[in-house]
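First up is the structure itself, then whatever we jot down about it.
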Amino acid sequence: MTDEELRHYSDALDEIYRLRSILAYESRVTDAHHESYKTFPKTRKKFAVEQAERMRAAARGETLKAYNVIAYPHENLRSVGAKVTLTRHQWETRND
């Protein structure tokens with residue numbers, strides 16, 4: 001593996017770590033919302049609890065267990081302005 005390939009591999013692992021950390025943080029925020037806000041709709045609490053648990057599982061590296069079926073993955077990515085594919089070339093030539 002070349003130094004440049006190693007750098008790209010390291011960058012990718014760093015991004016995975018950051019994304020897992022972000023999921024852990026967002027799960028705590030979701031918990032705080034449904035646990036502490038009196039105005040949080042009781043009809044939505046079950047969904048918020050399940051959502052936070054899925055985020056925690058994904059943060060632990062259990063993405064296949066937590067999100068074993070994601071409906072419309074390409075549309076989900078497009079809806080936030082992300083590309084639906086990420087090739088090695090795209091990763092290596094991205095703008096930081």
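Labeling convention for the structure tokens: chains A, B, ... as they appear, residues from 1 per chain, ligands from 1 in order of appearance.
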
Point to revise | Those of chain A in DSSP alpha helix (DSSP H), formatted as a PyMOL selection string | key: chain A and resi 3-36+42-59+63-66+73-79+88-92

Fewer than 4 positions away in the same chain doesn't count, so skip those; otherwise give me all residues within 9 Å of range 20-32 of chain A, counting only C-alpha atoms, as a PDB file with N, CA and C atoms, in the first residue's frame.
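The file below, selection36.pdb, is the result:
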```pdb
ATOM      1  N   GLU A  15     -13.315   9.112   9.328  1.00  0.00           N
ATOM      2  CA  GLU A  15     -14.681   9.544   9.057  1.00  0.00           C
ATOM      3  C   GLU A  15     -15.698   8.575   9.664  1.00  0.00           C
ATOM      4  N   ILE A  16     -15.441   7.296   9.571  1.00  0.00           N
ATOM      5  CA  ILE A  16     -16.330   6.310  10.184  1.00  0.00           C
ATOM      6  C   ILE A  16     -16.411   6.548  11.694  1.00  0.00           C
ATOM      7  N   SER A  36     -37.239  14.943  28.679  1.00  0.00           N
ATOM      8  CA  SER A  36     -37.306  16.141  29.511  1.00  0.00           C
ATOM      9  C   SER A  36     -38.301  17.199  29.060  1.00  0.00           C
ATOM     10  N   TYR A  37     -38.759  17.125  27.837  1.00  0.00           N
ATOM     11  CA  TYR A  37     -39.710  18.142  27.387  1.00  0.00           C
ATOM     12  C   TYR A  37     -41.141  17.686  27.641  1.00  0.00           C
ATOM     13  N   ALA A  48     -39.395   7.825  19.082  1.00  0.00           N
ATOM     14  CA  ALA A  48     -38.156   8.505  19.453  1.00  0.00           C
ATOM     15  C   ALA A  48     -37.237   7.564  20.228  1.00  0.00           C
ATOM     16  N   VAL A  49     -37.798   6.765  21.119  1.00  0.00           N
ATOM     17  CA  VAL A  49     -37.007   5.799  21.888  1.00  0.00           C
ATOM     18  C   VAL A  49     -36.380   4.779  20.941  1.00  0.00           C
ATOM     19  N   GLN A  51     -35.806   5.145  17.727  1.00  0.00           N
ATOM     20  CA  GLN A  51     -34.834   5.844  16.898  1.00  0.00           C
ATOM     21  C   GLN A  51     -33.509   5.998  17.640  1.00  0.00           C
ATOM     22  N   ALA A  52     -33.557   6.423  18.893  1.00  0.00           N
ATOM     23  CA  ALA A  52     -32.342   6.604  19.683  1.00  0.00           C
ATOM     24  C   ALA A  52     -31.618   5.275  19.868  1.00  0.00           C
ATOM     25  N   GLU A  53     -32.357   4.198  20.074  1.00  0.00           N
ATOM     26  CA  GLU A  53     -31.724   2.890  20.235  1.00  0.00           C
ATOM     27  C   GLU A  53     -31.042   2.448  18.938  1.00  0.00           C
ATOM     28  N   ARG A  54     -31.671   2.704  17.800  1.00  0.00           N
ATOM     29  CA  ARG A  54     -31.035   2.371  16.522  1.00  0.00           C
ATOM     30  C   ARG A  54     -29.743   3.168  16.339  1.00  0.00           C
ATOM     31  N   MET A  55     -29.766   4.440  16.704  1.00  0.00           N
ATOM     32  CA  MET A  55     -28.564   5.265  16.586  1.00  0.00           C
ATOM     33  C   MET A  55     -27.455   4.745  17.495  1.00  0.00           C
ATOM     34  N   ARG A  56     -27.812   4.365  18.723  1.00  0.00           N
ATOM     35  CA  ARG A  56     -26.805   3.828  19.653  1.00  0.00           C
ATOM     36  C   ARG A  56     -26.214   2.535  19.098  1.00  0.00           C
ATOM     37  N   ALA A  57     -27.056   1.669  18.566  1.00  0.00           N
ATOM     38  CA  ALA A  57     -26.567   0.411  17.991  1.00  0.00           C
ATOM     39  C   ALA A  57     -25.626   0.686  16.821  1.00  0.00           C
ATOM     40  N   ALA A  58     -26.000   1.618  15.955  1.00  0.00           N
ATOM     41  CA  ALA A  58     -25.142   1.960  14.815  1.00  0.00           C
ATOM     42  C   ALA A  58     -23.822   2.554  15.299  1.00  0.00           C
ATOM     43  N   ALA A  59     -23.870   3.358  16.343  1.00  0.00           N
ATOM     44  CA  ALA A  59     -22.647   3.943  16.900  1.00  0.00           C
ATOM     45  C   ALA A  59     -21.720   2.866  17.455  1.00  0.00           C
ATOM     46  N   ARG A  60     -22.304   1.764  17.911  1.00  0.00           N
ATOM     47  CA  ARG A  60     -21.500   0.631  18.398  1.00  0.00           C
ATOM     48  C   ARG A  60     -21.006  -0.246  17.258  1.00  0.00           C
ATOM     49  N   GLY A  61     -21.360   0.082  16.018  1.00  0.00           N
ATOM     50  CA  GLY A  61     -20.931  -0.718  14.869  1.00  0.00           C
ATOM     51  C   GLY A  61     -21.921  -1.783  14.458  1.00  0.00           C
TER      52      GLY A  61
END
```

Contacts between range 84-90 of chain A and range 3-70 of chain A, please, where a residue of range 3-70 of chain A counts if it comes within 12 Å (with only C-alpha atoms); show its shortest atom pair and distance in Å to one decimal, rows by chain and ascending number, as a Markdown table.
```
| residue | atom | partner | partner_atom | distance |
| --- | --- | --- | --- | --- |
| A:Glu5 | CA | A:Arg88 | CA | 10.1 |
| A:His8 | CA | A:Arg88 | CA | 9.2 |
| A:Tyr9 | CA | A:Arg88 | CA | 10.0 |
| A:Ala12 | CA | A:Arg88 | CA | 10.4 |
```

Exercise for review: Point out the residue among A:Gly81, A:Glu92, A:His34, A:Asn76 with the least atom-to-atom distance to Arg7 in chain A, counting only C-alpha atoms.
Suggested key: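 Checking each of A:Gly81, A:Glu92, A:His34, A:Asn76 against Arg7 in chain A, counting only C-alpha atoms, the winner is A:Glu92.
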
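Between CA of Arg94 in chain A and CA of Glu4 in chain A the interatomic distance comes to 13.9 Å.
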